[in-house]
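One structure below.
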Amino acid sequence: MRAVFTVDLPLSHDNKYPDNQQIVELMRSFGWEPMDVCLLADETAKGQKYQELGEPLFQHMPATAVATTDDVIFCGYLSDDYTRFVILRLVNGQITFRLSNTVLARLQKSTEKIVRKLLDARLNGRPLNVSNQAVVIYEQGNDYVVMSGRVIPSPLRETLRKDKKSVLLIAVPLIIFAFLASIVNTLDMSGHTFTAGTMERMSTALLTTALVSSLSLAETYLEIYRNRIIVW
């Protein structure tokens, strides 16, 4: 199986996209360059080796695939998952990642590792973005989609989207509490002990609800921040 996703490259302040060498150096900083490439001293020889190592991945692509080995600018390997990948550059403003692994779970794990690294990285002093926040896993040799995933660029936005119940249970009680507090501050409640007591108990319940919901929302955020980068 193979996973495919595209990354939008950022423009520099003088409206230039990163060159291939900048992209290659970024990948090398992640430690994914194969040892037989690391041993080569010449960049031209390394480029040819990338294309040579990436050639087996093209054997699993459908006949309609546009990319060729000439478009390969980097070939990497994630040894813990036994996943090989290539980076293709077909246009100036984007690069495409193609990962290959026979085990779906390992392919997913490798994709998540690469995406997480890319979202934390910078080129031209600016962050990278996965195009359309989409990752697609295809069956080997054809265009049949096995699975698709949605990249989570912002854990906070994903938390608010996922846990809307907690957001409401925080916002609504706080709004009601603020309304009750304004009434207490505006009116003289000294002669209305029952009403004052009722409002005090209600305020306590509202604040408790908001606090518990805040803890739930924080737990959801931490779970997404630590463990989730792609929703499959």
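Please note that chains go A, B, ... in the order of the structure tokens, that every chain numbers its residues from 1, and that ligands are numbered from 1 in the order shown.
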May I have the residues within 12 Å of Thr204 of chain A as a PyMOL selection string, using only C-alpha atoms and disregarding those fewer than 6 positions away in the same chain?
chain A and resi 173-174+176-177+180-181+197-198+210-211
All residues 8 Å or closer to segment 65-81 of chain A, only C-alpha atoms, same chain fewer than 3 positions away omitted, as an MDAnalysis selection string
chainID A and resid 20 24 32:34 47 50:55 58 61:62 84:90 106:107 109:110
Could you give me, as number ranges by chain, each residue of segment 81-142 of chain A that DSSP assigns to alpha helix (DSSP H) when run on this structure's backbone?
A: 104-120
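Distance annotation: of A:Met202, A:Val4, A:Leu11, A:Met27, the residue with the minimal separation from Lys117 of chain A is A:Met27; atom set is only C-alpha atoms.
Atom CA of Asp8 of chain A lies 20.4 Å from atom CA of Arg157 of chain A.
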Nearest-residue call for Met147 of chain A, choices A:Val115, A:Ile224, A:Ala105, A:Leu217, using only C-alpha atoms:
A:Ala105
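For the choices A:Ile229, A:Tyr144, A:Leu26, A:Ala218, the atom-to-atom distance to Arg122 of chain A is smallest for A:Leu26 when using only C-alpha atoms.
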Out of chain A, which residues get strand (DSSP E) from DSSP, as a ChimeraX atom specification?
/A:2-8,72-78,83-91,94-100,122-123,126-127,129-130,134-138,145-151,230-231
Which residue out of A:Gln108, A:Asn101, A:Asn129, A:Asn124 has the minimum interatomic distance to Ser12 of chain A when only C-alpha atoms are used?
A:Asn124
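From atom CA of Pro10 of chain A back to atom CA of Gly125 of chain A, the distance works out to 8.5 Å.
Minimum atom-to-atom distance to Ala3 of chain A, evaluated using only C-alpha atoms, belongs to A:Arg98 out of A:Arg226, A:Lys49, A:Arg28, A:Arg98.
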Taking 6 positions as the minimum chain separation for residues in the same chain, which residues sit within 10 Å of Val103 of chain A when counting only C-alpha atoms? Answer as a list in words.
Met1, Arg2, Asp81, Tyr82 and Thr83 of chain A
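For the atom pair formed by atom CA of Lys113 of chain A and atom CA of Arg150 of chain A, the distance is 14.3 Å, given to one decimal.
Omitting Ser148 of chain A and its sequence neighbours fewer than 5 positions away, and counting only C-alpha atoms, the residues within 8 Å are A:Ala134, A:Val135, A:Val136, A:Ile137, A:Trp232.
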